[in-house]
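With mmCIF, C-alpha atoms inside, this is my_file-v4.cif:
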data_data
#
loop_
_atom_site.label_atom_id
_atom_site.label_comp_id
_atom_site.auth_asym_id
_atom_site.auth_seq_id
_atom_site.Cartn_x
_atom_site.Cartn_y
_atom_site.Cartn_z
CA THR G 1 -19.43 14.52 19.71
CA VAL G 2 -22.05 13.56 17.12
CA GLY G 3 -19.95 10.57 16.04
CA ARG G 4 -19.46 9.24 19.57
CA THR G 5 -23.13 9.78 20.38
CA LEU G 6 -24.15 7.80 17.30
CA ALA G 7 -21.71 5.02 18.23
CA VAL G 8 -23.29 4.72 21.70
CA LEU G 9 -26.81 4.66 20.24
CA ILE G 10 -26.15 1.81 17.80
CA ALA G 11 -23.63 -0.40 19.60
CA GLN G 12 -22.81 -1.76 23.01
CA ILE G 13 -19.33 -0.41 23.79
CA PRO G 14 -18.16 -1.26 27.33
CA GLY G 15 -15.41 0.95 28.67
CA LEU G 16 -16.46 4.00 26.66
CA SER G 17 -15.52 6.37 29.48
CA HIS G 18 -12.04 4.96 30.10
CA GLU G 19 -10.57 2.36 27.69
CA TYR G 20 -12.33 3.83 24.65
CA ARG G 21 -12.51 7.41 25.81
CA TYR G 22 -10.56 8.71 22.80
CA ARG G 23 -11.03 5.92 20.29
CA LEU G 24 -13.42 3.21 19.11
CA PRO G 25 -12.93 -0.54 19.62
CA ASP G 26 -11.77 -2.73 16.74
CA ALA G 27 -14.54 -3.60 14.31
CA LYS G 28 -14.16 -7.33 15.03
CA ASP G 29 -15.20 -6.74 18.63
CA VAL G 30 -18.57 -5.14 17.75
CA PRO G 31 -21.02 -7.24 15.67
CA ILE G 32 -22.73 -4.30 13.94
CA PHE G 33 -19.35 -2.94 12.84
CA VAL G 34 -18.48 -6.35 11.37
CA ARG G 35 -21.73 -6.36 9.37
CA HIS G 36 -21.45 -2.75 8.18
CA GLU G 37 -17.88 -1.67 7.48
CA SER G 38 -18.97 1.65 5.94
CA LEU G 39 -20.74 2.59 9.17
CA TYR G 40 -17.62 1.78 11.15
CA ARG G 41 -15.46 3.84 8.80
CA PHE G 42 -17.90 6.74 9.11
CA LEU G 43 -17.59 6.64 12.90
CA LEU G 44 -13.79 6.39 12.72
CA LYS G 45 -13.63 9.51 10.57
CA ALA G 46 -16.17 11.35 12.70
CA THR G 47 -14.18 10.60 15.89
CA ALA G 48 -10.65 10.90 14.50
CA GLU G 49 -8.12 12.23 16.99
CA HIS G 50 -7.01 15.13 14.82
CA PRO G 51 -9.74 17.62 13.79
CA ASP G 52 -8.35 17.92 10.24
CA ASP G 53 -9.03 14.20 9.74
CA ARG G 54 -12.71 14.57 10.63
CA PHE G 55 -15.62 15.80 8.53
CA GLN G 56 -15.20 19.52 7.98
CA SER G 57 -18.86 20.54 7.94
CA ALA G 58 -22.26 19.32 9.03
CA ASP G 59 -23.37 19.14 5.39
CA GLU G 60 -20.41 16.93 4.44
CA MET G 61 -21.06 14.68 7.42
CA ALA G 62 -24.79 14.45 6.69
CA ASP G 63 -24.21 13.54 3.02
CA GLN G 64 -21.90 10.68 3.95
CA LEU G 65 -24.14 9.45 6.76
CA LEU G 66 -27.13 9.38 4.41
CA GLY G 67 -25.09 7.29 1.97
CA VAL G 68 -24.16 4.89 4.76
CA LEU G 69 -27.82 4.70 5.81
CA ARG G 70 -28.91 3.74 2.29
CA GLU G 71 -26.25 1.04 2.21
CA VAL G 72 -27.24 -0.36 5.64
CA VAL G 73 -30.95 -0.41 4.77
CA ALA G 74 -30.24 -2.06 1.39
CA THR G 75 -28.14 -4.85 2.89
CA GLU G 76 -30.51 -5.41 5.84
CA THR G 77 -33.72 -5.49 3.76
CA GLY G 78 -32.46 -6.85 0.44
CA GLN G 79 -34.01 -3.86 -1.35
CA PRO G 80 -31.67 -1.50 -3.26
CA ARG G 81 -31.58 2.14 -2.17
CA PRO G 82 -29.96 3.99 -5.08
CA ALA G 83 -29.40 7.74 -5.13
CA ALA G 84 -27.44 10.15 -7.28
CA SER G 85 -24.08 11.24 -5.90
CA THR G 86 -23.11 14.90 -5.64
CA LEU G 87 -19.42 13.99 -5.90
CA PHE G 88 -19.26 11.39 -8.69
CA SER G 89 -20.81 10.57 -12.02
CA GLY G 90 -22.70 7.29 -12.35
CA ASP G 91 -21.30 3.99 -13.58
CA MET G 92 -19.17 4.53 -16.70
CA LEU G 93 -19.09 1.02 -18.17
CA ALA G 94 -21.81 1.63 -20.74
CA LEU G 95 -19.88 4.62 -22.11
CA THR G 96 -16.41 3.03 -22.13
CA ALA G 97 -17.02 -0.65 -22.93
CA GLY G 98 -17.22 -0.19 -26.70
CA SER G 99 -19.65 -1.75 -29.16
CA ASN G 100 -17.93 -5.13 -29.56
CA LEU G 101 -18.80 -8.07 -27.32
CA ASP G 102 -15.31 -9.00 -26.14
CA SER G 103 -15.02 -10.09 -22.52
CA LEU G 104 -14.58 -7.18 -20.12
CA GLY G 105 -11.63 -6.96 -17.75
CA VAL G 106 -10.44 -4.56 -15.04
CA ASP G 107 -10.18 -1.06 -16.50
CA TYR G 108 -9.79 2.24 -14.68
CA ARG G 109 -11.99 3.89 -17.33
CA HIS G 110 -14.99 2.00 -15.96
CA LEU G 111 -14.83 4.01 -12.74
CA PRO G 112 -17.11 7.00 -12.06
CA VAL G 113 -15.52 10.40 -12.58
CA PRO G 114 -15.49 13.09 -9.86
CA THR G 115 -17.80 15.97 -10.72
CA LEU G 116 -16.37 19.40 -11.43
CA ASP G 117 -16.38 21.81 -8.51
CA SER G 118 -18.77 24.58 -9.56
CA LYS G 119 -17.01 27.00 -7.19
CA ASP G 120 -13.66 26.58 -8.92
CA PRO G 121 -12.55 29.69 -10.87
CA ALA G 122 -11.92 27.63 -14.00
CA PHE G 123 -15.22 25.75 -13.87
CA ASN G 124 -16.75 27.04 -17.12
CA ALA G 125 -13.53 26.75 -19.12
CA LEU G 126 -12.92 23.20 -17.89
CA LEU G 127 -16.52 22.24 -18.66
CA ASN G 128 -15.97 23.28 -22.27
CA ALA G 129 -12.58 21.55 -22.44
CA SER G 130 -14.06 18.28 -21.19
CA ALA G 131 -16.13 18.08 -24.39
CA ILE G 132 -12.96 17.75 -26.53
CA ALA G 133 -12.83 14.11 -27.64
CA ASP G 134 -9.15 13.93 -28.58
CA ALA G 135 -7.07 13.42 -25.42
CA LYS G 136 -4.01 15.30 -26.70
CA GLN G 137 -6.05 18.32 -27.73
CA ARG G 138 -7.92 18.23 -24.42
CA SER G 139 -4.61 18.11 -22.57
CA GLU G 140 -3.34 21.19 -24.39
CA ALA G 141 -6.57 23.05 -23.68
CA ILE G 142 -6.38 22.23 -19.96
CA LYS G 143 -2.72 23.26 -19.81
CA LEU G 144 -3.70 26.67 -21.17
CA ILE G 145 -6.53 26.98 -18.65
CA ARG G 146 -4.14 26.02 -15.86
CA GLU G 147 -1.78 28.82 -16.90
CA GLN G 148 -4.61 31.33 -17.06
CA GLN G 149 -6.12 30.23 -13.73
CA PRO G 150 -3.14 29.37 -11.47
CA LYS G 151 -5.42 29.21 -8.39
CA SER G 152 -7.61 26.55 -9.93
CA THR G 153 -7.29 23.16 -8.24
CA GLU G 154 -9.69 21.61 -10.74
CA ALA G 155 -7.41 22.53 -13.65
CA SER G 156 -4.58 20.52 -12.09
CA ILE G 157 -6.93 17.64 -11.23
CA ARG G 158 -8.26 17.46 -14.81
CA LEU G 159 -4.75 17.67 -16.22
CA ALA G 160 -3.83 14.66 -14.09
CA GLU G 161 -6.94 12.88 -15.35
CA VAL G 162 -6.14 13.36 -19.03
CA SER G 163 -2.47 12.53 -18.39
CA ILE G 164 -3.55 9.11 -17.13
CA GLU G 165 -5.47 8.66 -20.38
CA LEU G 166 -2.29 9.57 -22.29
CA ARG G 167 -0.29 7.21 -20.04
CA GLN G 168 2.01 10.03 -18.92
CA PHE G 169 2.34 8.59 -15.43
CA PRO G 170 5.40 10.55 -14.19
CA LYS G 171 3.52 13.72 -15.06
CA VAL G 172 0.51 12.49 -13.09
CA ASP G 173 2.70 11.84 -10.04
CA SER G 174 4.23 15.32 -10.29
CA ILE G 175 0.84 17.09 -10.51
CA LEU G 176 -0.66 15.12 -7.62
CA SER G 177 2.42 15.62 -5.42
CA GLU G 178 2.20 19.37 -5.98
CA LEU G 179 -1.48 19.35 -5.04
CA GLU G 180 -0.79 17.26 -1.94
CA THR G 181 1.61 19.85 -0.56
CA LYS G 182 -1.17 22.43 -0.79
CA ASP G 183 -4.00 20.28 0.62
CA PRO G 184 -3.09 16.85 2.00
CA TRP G 185 -6.76 16.17 2.86
CA ASP G 186 -8.17 16.46 -0.66
CA TRP G 187 -9.65 13.00 -1.36
CA ARG G 188 -9.28 13.52 -5.11
CA ILE G 189 -5.50 13.14 -4.78
CA PRO G 190 -5.57 9.47 -3.67
CA TRP G 191 -8.48 8.90 -6.06
CA TYR G 192 -6.41 9.86 -9.09
CA GLN G 193 -3.35 8.14 -7.66
CA GLY G 194 -5.45 4.99 -7.56
CA ARG G 195 -6.70 5.47 -11.12
CA SER G 196 -3.12 5.95 -12.32
CA LEU G 197 -1.91 2.83 -10.49
CA LEU G 198 -4.86 0.82 -11.81
CA ALA G 199 -4.00 1.92 -15.36
CA GLN G 200 -0.44 0.69 -14.74
CA LYS G 201 -1.79 -2.67 -13.47
CA LYS G 202 -0.44 -2.04 -9.98
CA GLY G 203 -3.46 -3.38 -8.19
CA ARG G 204 -1.86 -3.80 -4.77
CA GLU G 205 -0.76 -0.17 -4.61
CA ALA G 206 -4.08 1.02 -6.08
CA LYS G 207 -5.89 -0.78 -3.23
CA GLN G 208 -4.07 1.37 -0.68
CA ALA G 209 -4.95 4.59 -2.52
CA PHE G 210 -8.64 3.73 -2.89
CA ASP G 211 -8.82 2.57 0.72
CA ARG G 212 -7.91 6.12 1.74
CA VAL G 213 -10.76 7.47 -0.37
CA TYR G 214 -13.12 4.94 1.22
CA PHE G 215 -12.13 6.29 4.64
CA ASP G 216 -12.83 9.87 3.58
CA LEU G 217 -16.08 9.06 1.74
CA PRO G 218 -17.67 6.07 3.51
CA GLY G 219 -21.12 6.85 2.13
CA GLU G 220 -20.10 6.87 -1.55
CA LEU G 221 -20.30 3.82 -3.82
CA ALA G 222 -17.50 4.90 -6.19
CA PRO G 223 -14.62 4.25 -3.72
CA LYS G 224 -16.00 0.76 -2.98
CA LEU G 225 -16.25 -0.01 -6.70
CA ALA G 226 -12.69 1.27 -7.19
CA LEU G 227 -11.45 -0.83 -4.28
CA GLY G 228 -13.15 -3.85 -5.82
CA LEU G 229 -11.42 -3.33 -9.17
CA ALA G 230 -8.04 -2.84 -7.52
CA ALA G 231 -8.50 -5.92 -5.33
CA GLU G 232 -9.50 -7.99 -8.35
CA GLN G 233 -6.43 -6.83 -10.25
CA ALA G 234 -4.32 -7.82 -7.22
CA LYS G 235 -6.13 -11.22 -7.16
CA ASP G 236 -7.56 -10.46 -3.72
CA TYR G 237 -10.86 -12.00 -4.75
CA ALA G 238 -12.37 -12.08 -1.25
CA LEU G 239 -12.13 -8.29 -0.89
CA ALA G 240 -13.20 -7.70 -4.49
CA ILE G 241 -16.30 -9.86 -4.05
CA GLN G 242 -17.17 -8.07 -0.81
CA MET G 243 -16.96 -4.64 -2.44
CA TYR G 244 -18.76 -5.61 -5.66
CA ALA G 245 -21.60 -7.27 -3.74
CA LEU G 246 -22.00 -4.21 -1.51
CA VAL G 247 -22.22 -1.85 -4.47
CA LEU G 248 -24.75 -4.06 -6.28
CA ALA G 249 -26.90 -4.47 -3.18
CA THR G 250 -27.16 -0.68 -2.83
CA ASP G 251 -27.48 0.29 -6.51
CA PRO G 252 -27.78 -2.37 -9.28
CA SER G 253 -27.22 0.29 -11.95
CA TYR G 254 -23.50 0.01 -11.22
CA VAL G 255 -23.15 -2.84 -13.72
CA THR G 256 -19.34 -2.66 -13.55
CA ALA G 257 -19.75 -4.39 -10.19
CA ALA G 258 -21.87 -7.17 -11.72
CA PHE G 259 -19.28 -7.97 -14.40
CA GLY G 260 -16.48 -7.74 -11.83
CA LEU G 261 -18.30 -10.05 -9.42
CA ALA G 262 -18.84 -12.55 -12.23
CA ARG G 263 -15.13 -12.51 -13.13
CA CYS G 264 -14.11 -13.10 -9.52
CA ARG G 265 -16.59 -15.92 -9.02
CA SER G 266 -15.47 -17.49 -12.28
CA ALA G 267 -11.82 -17.20 -11.22
CA GLN G 268 -12.76 -19.15 -8.07
CA GLY G 269 -14.37 -21.86 -10.19
CA ASP G 270 -17.92 -21.05 -9.07
CA ARG G 271 -19.71 -21.02 -12.42
CA ALA G 272 -23.22 -20.81 -10.94
CA ALA G 273 -22.35 -17.80 -8.76
CA ALA G 274 -20.71 -16.06 -11.74
CA VAL G 275 -23.85 -16.46 -13.83
CA ALA G 276 -25.99 -15.31 -10.90
CA ALA G 277 -23.90 -12.14 -10.66
CA LEU G 278 -24.56 -11.29 -14.30
CA GLU G 279 -28.27 -11.88 -13.81
CA GLN G 280 -28.22 -8.78 -11.59
CA VAL G 281 -27.70 -6.57 -14.64
CA PRO G 282 -31.12 -4.89 -15.12
CA GLN G 283 -32.99 -5.42 -18.38
CA THR G 284 -33.12 -1.64 -18.71
CA SER G 285 -29.30 -1.51 -18.94
CA SER G 286 -27.69 -1.05 -22.34
CA LEU G 287 -25.31 -3.83 -21.28
CA PHE G 288 -28.06 -6.39 -20.62
CA THR G 289 -27.39 -8.26 -23.89
CA ARG G 290 -23.69 -8.23 -23.19
CA SER G 291 -24.31 -9.74 -19.75
CA ARG G 292 -26.26 -12.61 -21.35
CA VAL G 293 -23.44 -13.18 -23.83
CA GLU G 294 -20.92 -13.32 -20.97
CA SER G 295 -23.19 -15.74 -19.08
CA ALA G 296 -23.17 -18.10 -22.06
CA ARG G 297 -19.38 -17.90 -22.27
CA ILE G 298 -19.00 -18.69 -18.57
CA LEU G 299 -21.40 -21.64 -18.83
CA VAL G 300 -19.28 -23.31 -21.52
CA ASP G 301 -15.86 -22.22 -20.24
CA ARG G 302 -13.74 -25.33 -19.70
CA ASP G 303 -10.49 -23.71 -18.51
CA ARG G 304 -11.08 -24.66 -14.87
CA THR G 305 -13.82 -27.29 -14.69
CA PRO G 306 -15.63 -28.88 -17.66
CA PRO G 307 -19.29 -27.92 -17.98
CA GLY G 308 -21.97 -30.58 -17.75
CA ILE G 309 -25.26 -31.13 -19.55
CA PRO G 310 -27.15 -28.53 -17.44
CA GLU G 311 -24.60 -25.84 -18.36
CA LEU G 312 -24.78 -26.76 -22.06
CA ARG G 313 -28.58 -26.56 -21.94
CA LYS G 314 -28.50 -23.13 -20.28
CA ALA G 315 -25.85 -21.81 -22.68
CA SER G 316 -27.81 -23.04 -25.69
CA ALA G 317 -31.01 -21.45 -24.38
CA ALA G 318 -29.19 -18.18 -23.63
CA VAL G 319 -27.76 -17.94 -27.16
CA GLU G 320 -31.08 -18.80 -28.79
CA ALA G 321 -32.82 -16.09 -26.74
CA LEU G 322 -30.37 -13.38 -27.82
CA THR G 323 -31.20 -11.01 -30.65
CA LEU G 324 -27.61 -11.00 -31.89
CA GLU G 325 -26.87 -11.16 -35.60
CA GLY G 326 -23.82 -11.52 -37.82
CA MET G 327 -20.33 -12.26 -36.56
CA ASP G 328 -21.15 -11.77 -32.87
CA ARG G 329 -23.76 -14.53 -32.95
CA HIS G 330 -21.54 -16.81 -35.03
CA ARG G 331 -18.62 -16.48 -32.60
CA LEU G 332 -20.78 -17.30 -29.60
CA THR G 333 -22.37 -20.26 -31.44
CA GLN G 334 -18.88 -21.47 -32.37
CA GLN G 335 -17.76 -21.39 -28.74
CA VAL G 336 -20.78 -23.36 -27.50
CA LEU G 337 -20.57 -26.00 -30.26
CA GLU G 338 -16.79 -26.38 -29.86
CA THR G 339 -17.23 -27.01 -26.15
CA ALA G 340 -20.01 -29.54 -26.75
CA LEU G 341 -17.91 -31.34 -29.37
CA HIS G 342 -14.86 -31.42 -27.11
CA LEU G 343 -16.90 -32.90 -24.24
CA VAL G 344 -18.32 -35.63 -26.48
CA THR G 345 -15.08 -36.53 -28.27
CA SER G 346 -13.14 -36.58 -24.98
CA LYS G 347 -15.86 -38.83 -23.53
CA SER G 348 -16.50 -36.35 -20.73
CA LEU G 349 -20.17 -36.51 -21.74
CA PRO G 350 -22.03 -39.41 -23.39
CA PRO G 351 -23.71 -38.71 -26.75
CA GLN G 352 -27.44 -38.04 -26.52
CA SER G 353 -29.60 -37.96 -29.61
CA ASP G 354 -32.56 -36.47 -27.73
CA LEU G 355 -30.61 -33.44 -26.45
CA ALA G 356 -30.13 -30.57 -28.93
CA ILE G 357 -27.45 -27.92 -28.50
CA LEU G 358 -28.25 -24.94 -30.73
CA GLY G 359 -30.30 -27.21 -32.95
CA GLN G 360 -27.67 -29.96 -33.16
CA PRO G 361 -28.11 -33.32 -31.35
CA LEU G 362 -25.39 -33.96 -28.77
CA GLN G 363 -23.60 -36.40 -31.08
CA GLU G 364 -20.21 -36.05 -32.71
CA VAL G 365 -21.32 -36.05 -36.37
CA SER G 366 -24.17 -33.58 -35.78
CA LEU G 367 -22.01 -31.25 -33.73
CA ARG G 368 -19.30 -31.33 -36.40
CA GLU G 369 -21.86 -30.47 -39.07
CA GLY G 370 -23.19 -27.57 -37.02
CA LEU G 371 -19.72 -26.26 -36.28
CA GLU G 372 -18.66 -26.56 -39.92
CA LYS G 373 -21.72 -24.58 -40.97
CA VAL G 374 -21.07 -21.72 -38.55
CA LEU G 375 -17.37 -21.55 -39.49
CA ARG G 376 -18.29 -21.27 -43.18
CA SER G 377 -20.83 -18.56 -42.33
CA MET G 378 -18.08 -16.66 -40.52
CA ALA G 379 -15.80 -17.12 -43.55
CA HIS G 380 -18.45 -15.51 -45.79
CA LEU G 381 -18.30 -12.42 -43.59
CA SER G 382 -14.48 -12.28 -43.56
CA THR G 383 -11.74 -11.40 -46.01
CA GLY G 384 -8.07 -12.14 -46.61
CA ASP G 385 -6.12 -14.39 -44.25
CA GLU G 386 -8.99 -14.59 -41.77
CA LYS G 387 -11.31 -15.97 -44.45
CA ILE G 388 -8.72 -18.62 -45.37
CA ARG G 389 -8.21 -19.55 -41.71
CA LEU G 390 -11.94 -20.04 -41.16
CA VAL G 391 -12.36 -22.15 -44.30
CA ASP G 392 -9.45 -24.35 -43.20
CA ALA G 393 -11.01 -24.68 -39.75
CA ALA G 394 -14.34 -25.67 -41.30
CA ASN G 395 -12.64 -28.31 -43.46
CA LYS G 396 -10.78 -29.65 -40.44
CA VAL G 397 -13.87 -30.02 -38.27
CA ARG G 398 -16.30 -31.40 -40.88
CA PRO G 399 -17.34 -35.05 -40.48
CA LYS G 400 -15.35 -37.57 -42.49
CA THR G 401 -17.14 -38.63 -45.69
CA LEU G 402 -16.25 -40.62 -48.80
CA PHE G 403 -16.36 -37.54 -51.00
#

Take the structure from the file and write it as structure tokens.
Amino acid sequence: TVGRTLAVLIAQIPGLSHEYRYRLPDAKDVPIFVRHESLYRFLLKATAEHPDDRFQSADEMADQLLGVLREVVATETGQPRPAASTLFSGDMLALTAGSNLDSLGVDYRHLPVPTLDSKDPAFNALLNASAIADAKQRSEAIKLIREQQPKSTEASIRLAEVSIELRQFPKVDSILSELETKDPWDWRIPWYQGRSLLAQKKGREAKQAFDRVYFDLPGELAPKLALGLAAEQAKDYALAIQMYALVLATDPSYVTAAFGLARCRSAQGDRAAAVAALEQVPQTSSLFTRSRVESARILVDRDRTPPGIPELRKASAAVEALTLEGMDRHRLTQQVLETALHLVTSKSLPPQSDLAILGQPLQEVSLREGLEKVLRSMAHLSTGDEKIRLVDAANKVRPKTLF
């Protein structure tokens, strides 16, 4: 009743008393549903034919509706409306990305983690077990808890979680199937099915699992982020971009969405949009520097379309503004100078003595000298075969001289 009343208040639905007496029209037939898919999904769940498919309490319904409201206001006004979730942790990228500056890809570990149910009989024991860093030891501890607390759903859920980490996927399927026979409406079951499928690089199947979670939790950002990652893995870039953009518009602290959006835009060949996506990473984020590094890489990436002078200028300025030191800075400098040299030697760009790229004029000899210098600096920081490889590369790229 509440769902149908809300639908009437926000949309013009002709035929509500006969054609749509027991259902809602397709989203494509109602403009506001086209603009706000989460609102439409909320109404679908609220007015589902079978009571078990609907929200099970007023509190549950209110929480999801408030999340939908924040999303609608954020997209309509252009002002983010972030809020902490009672069901999920925040964005996990900063904790799981590692300290190196390698390019980030789709990874199930970047997804938020469902919070422990404080009413579960094994809550305290599982809270302690979650602090165990080693996955195998954590798995053994959770197995013991599961034996001691056979009525604990959380123990089985957390065992499935750590089994994904250990890549024991048949075991994950067995645990989740057992849970599904007890409670087919528990949204955590398709959530962990999706995580498992994402870890196995089965993006198409993971999309279906996360879509179910999105239906159950239309006001949460985590299912939309998960659906974006799965869609990206399945190369459904249109859906991935839609989900990533929606998450960022509501809460920019979900930087996983910014990196994902940049990857999708880059895959489509839209370099400017990819860089713009990374510019949404807040300066307060621990991944801000990494986002600037990735921007520089995208600006000089020549796999799809060769960059021009504006991109080289921006990449050079981005690298010079970074506070990186050591090998990380050298690698990024190498990439920019190699791209500039390739563009000049291939005659894609004309030499320009008045344009400096990382301190080197855009001329072949100067670029070779700069690249040789950075390769030798990298060799000084390396050992063994890598040191030899870098010295050989420096000798190969150096300008030809008489001596």

What is the atom CA of G:Asp63-atom CA of G:Thr86 distance in Å, reported with one decimal?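 If I compute the distance from atom CA of G:Asp63 to atom CA of G:Thr86, I get 8.8 Å.
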
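Rounded to one decimal, atom CA of G:Ala267 and atom CA of G:Ala321 lie 26.1 Å from each other.
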
With 9 Å as the threshold, what does the neighbourhood of (-25.8, -5.8, -4.6) contain in terms of residues, counting only C-alpha atoms? Coordinates are those of the file; answer as an NGL selection string. :G and (74-75 or 78 or 80 or 244-252 or 257-258 or 277 or 280)

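Taking atom CA of G:Val281 as the reference point, atom CA of G:Val255 is found at 6.0 Å.
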
Excluding same-chain residues fewer than 3 positions from G:Ala160, what lies within 7 Å of it counting all atoms listed in the file, as a short mmCIF file (atom, residue, chain, number, x, y, z; two decimals) with C-alpha atoms, keeping the file's coordinate frame?
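So part32.cif came out as:
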data_model
loop_
_atom_site.label_atom_id
_atom_site.label_comp_id
_atom_site.auth_asym_id
_atom_site.auth_seq_id
_atom_site.Cartn_x
_atom_site.Cartn_y
_atom_site.Cartn_z
CA SER G 156 -4.58 20.52 -12.09
CA ILE G 157 -6.93 17.64 -11.23
CA SER G 163 -2.47 12.53 -18.39
CA ILE G 164 -3.55 9.11 -17.13
CA VAL G 172 0.51 12.49 -13.09
CA ILE G 175 0.84 17.09 -10.51
#

Point (-8.9, 3.1, 1.2), cut-off 10 Å, counting all atoms listed in the file, residues as a list in words: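 So the residues meeting the distance criterion are Pro190, Trp191, Gly194, Ala206, Lys207, Gln208, Ala209, Phe210, Asp211, Arg212, Val213, Tyr214, Phe215, Asp216, Leu217, Pro218, Pro223, Lys224, Ala226 and Leu227 of chain G.
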
Here is a test: counting only C-alpha atoms, which residue of G:Ala94, G:Asp52, G:Ser353, G:Ala272 is nearest to G:Pro184? G:Asp52

Pick from G:Ala131, G:Glu220, G:Asp120, G:Gln200, whichever lies nearest to G:Ser85 using all atoms listed in the file: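 Of the candidates, the smallest distance to G:Ser85 is held by G:Glu220.
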
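Among the candidate residues G:Leu39, G:Met327, G:Val162, G:Ala222, the one lying nearest to G:Ser89 is G:Ala222, with distances computed using all atoms listed in the file.
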
Find the spatial neighbours of G:Ala155, counting all atoms listed in the file, within a cut-off of 9 Å - ignore same-chain residues fewer than 6 positions away - and output them as a list in words. Asp120, Ala122, Phe123, Leu126, Ile142, Lys143, Ile145, Arg146 and Gln149 of chain G

From G:Leu166, G:Leu111, G:Met243, G:Val73, residue lying nearest G:Leu198 [all atoms listed in the file]: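 Selected residue with least distance to G:Leu198: G:Leu111.
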
What's around stretch 300-305 of chain G at 8 Å? Count only C-alpha atoms, leave out sequence neighbours fewer than 6 positions away in its own chain, and write the answer as a list of chain:residue names. G:Gly269, G:Glu311, G:Leu312, G:Ala315, G:Gln335, G:Val336, G:Thr339

With only C-alpha atoms as the atoms that count, which of G:Ile388, G:Leu337, G:Leu44, G:Ala393 lies nearest to G:Gly370?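 Among G:Ile388, G:Leu337, G:Leu44, G:Ala393, it is G:Leu337 that comes nearest to G:Gly370.
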
Counting all atoms listed in the file, the residue of G:Tyr40, G:Met378, G:Pro31, G:Ile189 that sits nearest G:Val391: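 Checking each of G:Tyr40, G:Met378, G:Pro31, G:Ile189 against G:Val391, counting all atoms listed in the file, the winner is G:Met378.
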
Let me have the centre and edge lengths of the axis-aligned box enclosing all listed atoms of stretch 349-355 of chain G with 3 Å padding on every side, in Å to one decimal, as JSON.
{"center_x": -26.4, "center_y": -36.4, "center_z": -25.7, "size_x": 18.4, "size_y": 12.0, "size_z": 13.9}

Evaluate the PyMOL selection byres ((chain G and resi 262-265) around 12) and report residues as number ranges by chain: G: 103-106, 228-229, 231-245, 248, 255-261, 266-281, 291-292, 294-295, 297-299, 304

List the neighbours of G:Ile357 out to 12 Å using only C-alpha atoms; skip same-chain residues closer than 6 positions along the sequence, and give me the result as a ChimeraX atom specification. /G:300,309-320,333-341,351,363-364,366-368,370-371
